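Trainee: I have a structure I would like to understand better, so I am pasting it below and will then ask my questions one at a time.
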Amino acid sequence: MNKVAIVTGASRGIGKEIAKMLANEGIQVIANYNKSEEKALKLKKDLEEQGKLIDIFKADVSKQEECESLVKYTLEKYNKIDILINNAGIDQYKLITEVTKQDWEDMLNTNLYSAFCMCQQVLPNMIHNKSGRIINISSIWGIVGASQEIVYSITKAGLDALTKSLAKEVGPSNIKVNSIAPGLIDTDMNKDLTEDEVKYVIDQTPLERIGKPQDIAKCIKWLIEDDFTTGQIISINGGWIIT
């Protein structure tokens, strides 16, 4: 029976590339989206035309009831969940003095609570099956912090803490939990950066380029195949920041 994977925030960027990689590996993908329905439908159409296993499901995973709906749909249709990729996230560039309470709540709910809630919902099935992979998409800023992206950095640091704690809790059930902390990746989230800003990062990076979504997807593939890695924060940034 094919493995079953949920990917949150899968309609574009890193999430889209992860969904494509999983489908190309013969894994049944449930690609979650919230607002980007047109892009999700195109992803589904493109992969189905290639004979790949892809399903899409609209849910705002910052809300508990919608996380529950996504997981219930998956279990009723496919009977199990082997892989959870927590990728949904938003960014914001503001001085700390400009951050509102609503900004704080939106960022924490979307970037951190969504992952916590999705883990809560999928784990009973994974624990029952004594098998599972959970991979959280964090950020280099969760490790080193970013000026004027304080709340974003906080949420990603929290995601890494979730990864470490949960790996210890569910390891005895043969469930591996890891986090990937990308550096600068060529996605819509970074589309507002100027050419000079991108060039500055490239000049500071030993591999002399910024990352591509495929770089993250390749690491996901390895983590799914590997059987002795858990609780790790893997930073993929071309050597831009080495900790």
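Chains: A, B, ... in order of the structure tokens. Residues: from 1 per chain. Ligands: from 1, in order shown.
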Could you give me, as a VMD selection string, the residues within 7 Å of Gln148 in chain A, counting only C-alpha atoms and dropping anything in the same chain fewer than 5 positions from it?

Mentor: chain A and resid 93 to 96

Trainee: With C-alpha atoms retained, could you export that selection as a PDB file, in the first residue's frame?

Mentor:
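part26.pdb, freshly written:
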```pdb
ATOM      1  CA  TYR A  93       8.889  42.581   8.363  1.00  0.00           C
ATOM      2  CA  LYS A  94       8.292  45.080  11.181  1.00  0.00           C
ATOM      3  CA  LEU A  95      10.108  46.765  14.015  1.00  0.00           C
ATOM      4  CA  ILE A  96       9.100  45.343  17.397  1.00  0.00           C
TER       5      ILE A  96
END
```

Trainee: Mind listing the strand (DSSP E) residues of range 10-135 of chain A, per DSSP on the backbone, as a VMD selection string?

Mentor: chain A and resid 28 to 33 54 to 58 83 to 86 132 to 135

Trainee: Would you output that residue set with N, CA and C atoms, as a CSV table (one decimal), in the first residue's frame?

Mentor:
```
chain,number,residue,atom,x,y,z
A,28,GLN,N,1.1,8.8,-1.8
A,28,GLN,CA,-0.2,9.5,-2.0
A,28,GLN,C,-0.2,10.8,-1.2
A,29,VAL,N,-0.3,11.9,-1.9
A,29,VAL,CA,-0.1,13.2,-1.3
A,29,VAL,C,-1.5,13.9,-1.1
A,30,ILE,N,-1.7,14.4,0.1
A,30,ILE,CA,-2.8,15.3,0.4
A,30,ILE,C,-2.2,16.7,0.5
A,31,ALA,N,-2.4,17.5,-0.5
A,31,ALA,CA,-1.8,18.9,-0.5
A,31,ALA,C,-2.8,19.9,0.1
A,32,ASN,N,-2.5,20.4,1.2
A,32,ASN,CA,-3.3,21.3,1.9
A,32,ASN,C,-3.0,22.8,1.3
A,33,TYR,N,-4.1,23.5,1.2
A,33,TYR,CA,-4.0,24.9,0.9
A,33,TYR,C,-5.1,25.7,1.6
A,54,ILE,N,-2.3,12.4,-6.1
A,54,ILE,CA,-2.4,13.8,-5.5
A,54,ILE,C,-3.8,14.1,-5.2
A,55,ASP,N,-4.0,14.6,-4.0
A,55,ASP,CA,-5.3,15.1,-3.6
A,55,ASP,C,-5.1,16.4,-3.0
A,56,ILE,N,-6.1,17.3,-3.0
A,56,ILE,CA,-6.0,18.6,-2.4
A,56,ILE,C,-7.1,18.8,-1.4
A,57,PHE,N,-6.8,19.6,-0.3
A,57,PHE,CA,-7.8,19.9,0.7
A,57,PHE,C,-7.7,21.3,1.2
A,58,LYS,N,-8.7,22.0,1.2
A,58,LYS,CA,-8.7,23.4,1.7
A,58,LYS,C,-8.9,23.4,3.2
A,83,ILE,N,3.2,10.3,6.8
A,83,ILE,CA,4.1,11.4,6.8
A,83,ILE,C,3.3,12.7,7.0
A,84,LEU,N,3.8,13.6,7.8
A,84,LEU,CA,3.3,14.9,8.0
A,84,LEU,C,4.4,15.9,7.8
A,85,ILE,N,4.2,16.8,6.8
A,85,ILE,CA,5.1,17.9,6.6
A,85,ILE,C,4.4,19.2,7.0
A,86,ASN,N,4.9,19.8,8.1
A,86,ASN,CA,4.3,21.1,8.5
A,86,ASN,C,5.0,22.3,7.8
A,132,GLY,N,6.0,6.5,11.6
A,132,GLY,CA,5.6,7.8,11.1
A,132,GLY,C,6.8,8.7,11.0
A,133,ARG,N,6.6,9.7,10.1
A,133,ARG,CA,7.6,10.8,10.0
A,133,ARG,C,6.9,12.1,10.1
A,134,ILE,N,7.4,13.0,10.9
A,134,ILE,CA,6.9,14.4,11.0
A,134,ILE,C,8.1,15.3,10.7
A,135,ILE,N,8.0,16.2,9.7
A,135,ILE,CA,9.0,17.1,9.4
A,135,ILE,C,8.5,18.5,9.4
```

Trainee: With only C-alpha atoms as the counted atoms, please give the residues lying no more than 10 Å from Glu25 in chain A, apart from itself and same-chain residues fewer than 3 positions off, as a list in words.

Mentor: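 Here the qualifying residues turn out to be Asn2, Lys3, Ala19, Lys20, Met21, Leu22, Gln28, Lys52, Leu53 and Lys221 of chain A.
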
Trainee: Return as a count of residues only the full set of residues in range 3-192 of chain A whose backbone-based DSSP assignment is helix (DSSP H, G or I).

Mentor: 103

Trainee: Could you give me, as a list in words, the residues within 9 Å of range 105-115 of chain A, counting only C-alpha atoms and dropping anything in the same chain fewer than 6 positions from it?

Mentor: Thr8, Asp60, Val61, Ser62, Lys63, Gln64, Cys67, Ile85, Asn86, Asn87, Ala88, Gly89, Ile90, Asp91, Gln92, Asn136, Ser138, Val151, Tyr152, Ile154, Thr155, Lys156, Gly158, Leu159 and Leu162 of chain A

Trainee: Export C-alpha atoms of the chosen residues as a PDB file, in the first residue's frame?

Mentor:
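The result, stored in again-v6.pdb:
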```
ATOM      1  CA  THR A   8       0.419  21.873   4.685  1.00  0.00           C
ATOM      2  CA  ASP A  60      -6.837  27.023   7.494  1.00  0.00           C
ATOM      3  CA  VAL A  61      -4.504  24.991   9.681  1.00  0.00           C
ATOM      4  CA  SER A  62      -4.142  27.841  12.155  1.00  0.00           C
ATOM      5  CA  LYS A  63      -7.584  26.720  13.415  1.00  0.00           C
ATOM      6  CA  GLN A  64      -8.083  23.517  15.384  1.00  0.00           C
ATOM      7  CA  CYS A  67      -6.847  20.714  11.269  1.00  0.00           C
ATOM      8  CA  ILE A  85       5.088  17.934   6.557  1.00  0.00           C
ATOM      9  CA  ASN A  86       4.293  21.105   8.517  1.00  0.00           C
ATOM     10  CA  ASN A  87       5.127  23.773   5.954  1.00  0.00           C
ATOM     11  CA  ALA A  88       2.359  26.393   6.284  1.00  0.00           C
ATOM     12  CA  GLY A  89       3.736  29.757   7.337  1.00  0.00           C
ATOM     13  CA  ILE A  90       3.661  33.522   6.950  1.00  0.00           C
ATOM     14  CA  ASP A  91       6.293  36.206   7.367  1.00  0.00           C
ATOM     15  CA  GLN A  92       6.242  39.843   8.418  1.00  0.00           C
ATOM     16  CA  ASN A 136       8.665  20.749  10.316  1.00  0.00           C
ATOM     17  CA  SER A 138      11.478  26.029  10.217  1.00  0.00           C
ATOM     18  CA  VAL A 151       7.830  37.366  15.836  1.00  0.00           C
ATOM     19  CA  TYR A 152       8.689  35.214  12.819  1.00  0.00           C
ATOM     20  CA  ILE A 154      10.133  33.399  17.720  1.00  0.00           C
ATOM     21  CA  THR A 155       7.677  31.120  15.933  1.00  0.00           C
ATOM     22  CA  LYS A 156      10.432  29.265  14.109  1.00  0.00           C
ATOM     23  CA  GLY A 158       9.307  27.436  18.870  1.00  0.00           C
ATOM     24  CA  LEU A 159       8.908  25.042  15.967  1.00  0.00           C
ATOM     25  CA  LEU A 162       8.499  21.357  19.288  1.00  0.00           C
TER      26      LEU A 162
END
```

Trainee: Counting only C-alpha atoms, which residue out of A:Ala157, A:Val144, A:Ile180, A:Ala10 sits closest to Trp240 in chain A?

Mentor: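 Closest to Trp240 in chain A, using only C-alpha atoms: A:Val144.
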
Trainee: Compare A:Asp186, A:Ile242, A:Ser235, A:Thr194 by their minimum atom-to-atom distance to Ile14 in chain A, counting only C-alpha atoms, and give me the closest one.

Mentor: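 For Ile14 in chain A, the nearest of the given residues is A:Asp186.
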
Trainee: Counting only C-alpha atoms, which of A:Pro124, A:Pro206, A:Asp188, A:Phe116 gets nearest to Lys16 in chain A?

Mentor: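 Distance minimum relative to Lys16 in chain A lands on A:Asp188.
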
Trainee: If you measure from CA of Ile27 in chain A to CA of Val4 in chain A, what distance in Å do you get, rounded to one decimal?

Mentor: 5.9 Å

Trainee: Using only C-alpha atoms, which residue out of A:Lys218, A:Ile150, A:Leu123, A:Glu38 lies closest to Val99 in chain A?

Mentor: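 Among the listed residues, the smallest separation from Val99 in chain A belongs to A:Ile150.
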
Trainee: Ranking A:Asn190, A:Leu223, A:Ser36, A:Lys101 by minimum distance to Gly211 in chain A and counting only C-alpha atoms, which one comes first?

Mentor: A:Asn190

Trainee: Can you tell me, as a PyMOL selection string, what residues are no more than 9 Å from Ala181 in chain A when counting only C-alpha atoms, ignoring any on the same chain fewer than 4 positions away?

Mentor: chain A and resi 136-143+156+160+233-237

Trainee: Generate a file of the selected residues that holds N, CA and C atoms, formatted as a PDB file, in the first residue's frame.

Mentor:
```
ATOM      1  N   ASN A 136       9.093  19.363  10.187  1.00  0.00           N
ATOM      2  CA  ASN A 136       8.665  20.749  10.316  1.00  0.00           C
ATOM      3  C   ASN A 136       9.584  21.655   9.499  1.00  0.00           C
ATOM      4  N   ILE A 137       9.006  22.553   8.728  1.00  0.00           N
ATOM      5  CA  ILE A 137       9.804  23.508   7.962  1.00  0.00           C
ATOM      6  C   ILE A 137       9.967  24.763   8.800  1.00  0.00           C
ATOM      7  N   SER A 138      11.153  24.929   9.322  1.00  0.00           N
ATOM      8  CA  SER A 138      11.478  26.029  10.217  1.00  0.00           C
ATOM      9  C   SER A 138      12.169  27.133   9.415  1.00  0.00           C
ATOM     10  N   SER A 139      13.225  27.723   9.968  1.00  0.00           N
ATOM     11  CA  SER A 139      13.959  28.787   9.286  1.00  0.00           C
ATOM     12  C   SER A 139      15.291  28.999   9.992  1.00  0.00           C
ATOM     13  N   ILE A 140      16.280  29.455   9.253  1.00  0.00           N
ATOM     14  CA  ILE A 140      17.546  29.824   9.870  1.00  0.00           C
ATOM     15  C   ILE A 140      17.334  30.886  10.936  1.00  0.00           C
ATOM     16  N   TRP A 141      16.282  31.720  10.774  1.00  0.00           N
ATOM     17  CA  TRP A 141      16.030  32.778  11.758  1.00  0.00           C
ATOM     18  C   TRP A 141      15.546  32.218  13.095  1.00  0.00           C
ATOM     19  N   GLY A 142      15.045  31.006  13.094  1.00  0.00           N
ATOM     20  CA  GLY A 142      14.705  30.366  14.354  1.00  0.00           C
ATOM     21  C   GLY A 142      15.941  29.980  15.144  1.00  0.00           C
ATOM     22  N   ILE A 143      17.076  29.872  14.456  1.00  0.00           N
ATOM     23  CA  ILE A 143      18.340  29.503  15.100  1.00  0.00           C
ATOM     24  C   ILE A 143      19.117  30.739  15.531  1.00  0.00           C
ATOM     25  N   LYS A 156       9.587  30.319  14.677  1.00  0.00           N
ATOM     26  CA  LYS A 156      10.432  29.265  14.109  1.00  0.00           C
ATOM     27  C   LYS A 156      11.307  28.617  15.187  1.00  0.00           C
ATOM     28  N   ASP A 160      11.269  24.613  16.298  1.00  0.00           N
ATOM     29  CA  ASP A 160      12.424  23.756  16.568  1.00  0.00           C
ATOM     30  C   ASP A 160      12.327  23.112  17.946  1.00  0.00           C
ATOM     31  N   ILE A 233      17.688  19.588  13.881  1.00  0.00           N
ATOM     32  CA  ILE A 233      17.390  20.815  13.144  1.00  0.00           C
ATOM     33  C   ILE A 233      18.436  20.913  12.036  1.00  0.00           C
ATOM     34  N   ILE A 234      18.030  20.689  10.814  1.00  0.00           N
ATOM     35  CA  ILE A 234      18.955  20.648   9.686  1.00  0.00           C
ATOM     36  C   ILE A 234      18.841  21.951   8.913  1.00  0.00           C
ATOM     37  N   SER A 235      19.901  22.738   8.932  1.00  0.00           N
ATOM     38  CA  SER A 235      19.883  24.027   8.252  1.00  0.00           C
ATOM     39  C   SER A 235      20.475  23.909   6.854  1.00  0.00           C
ATOM     40  N   ILE A 236      19.670  24.243   5.861  1.00  0.00           N
ATOM     41  CA  ILE A 236      20.087  24.190   4.475  1.00  0.00           C
ATOM     42  C   ILE A 236      20.201  25.620   3.979  1.00  0.00           C
ATOM     43  N   ASN A 237      21.440  26.134   3.936  1.00  0.00           N
ATOM     44  CA  ASN A 237      21.605  27.556   3.584  1.00  0.00           C
ATOM     45  C   ASN A 237      22.855  27.840   2.766  1.00  0.00           C
TER      46      ASN A 237
END
```

Trainee: Take CA of Lys42 in chain A and CA of Ser11 in chain A and report the distance between them in Å, one decimal.

Mentor: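 Computing it gives 8.7 Å between the two atoms.
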
Trainee: Rounded to one decimal in Å, what is the spacing between CA of Ala167 in chain A and CA of Asn129 in chain A?

Mentor: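 According to the coordinates, CA of Ala167 in chain A and CA of Asn129 in chain A are separated by 16.4 Å.
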
Trainee: Between A:Asp46, A:Glu76, A:Glu197, A:Asp82, which has the minimum distance to Ala5 in chain A (counting only C-alpha atoms)?

Mentor: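 Using only C-alpha atoms, the shortest distance to Ala5 in chain A belongs to A:Asp82.
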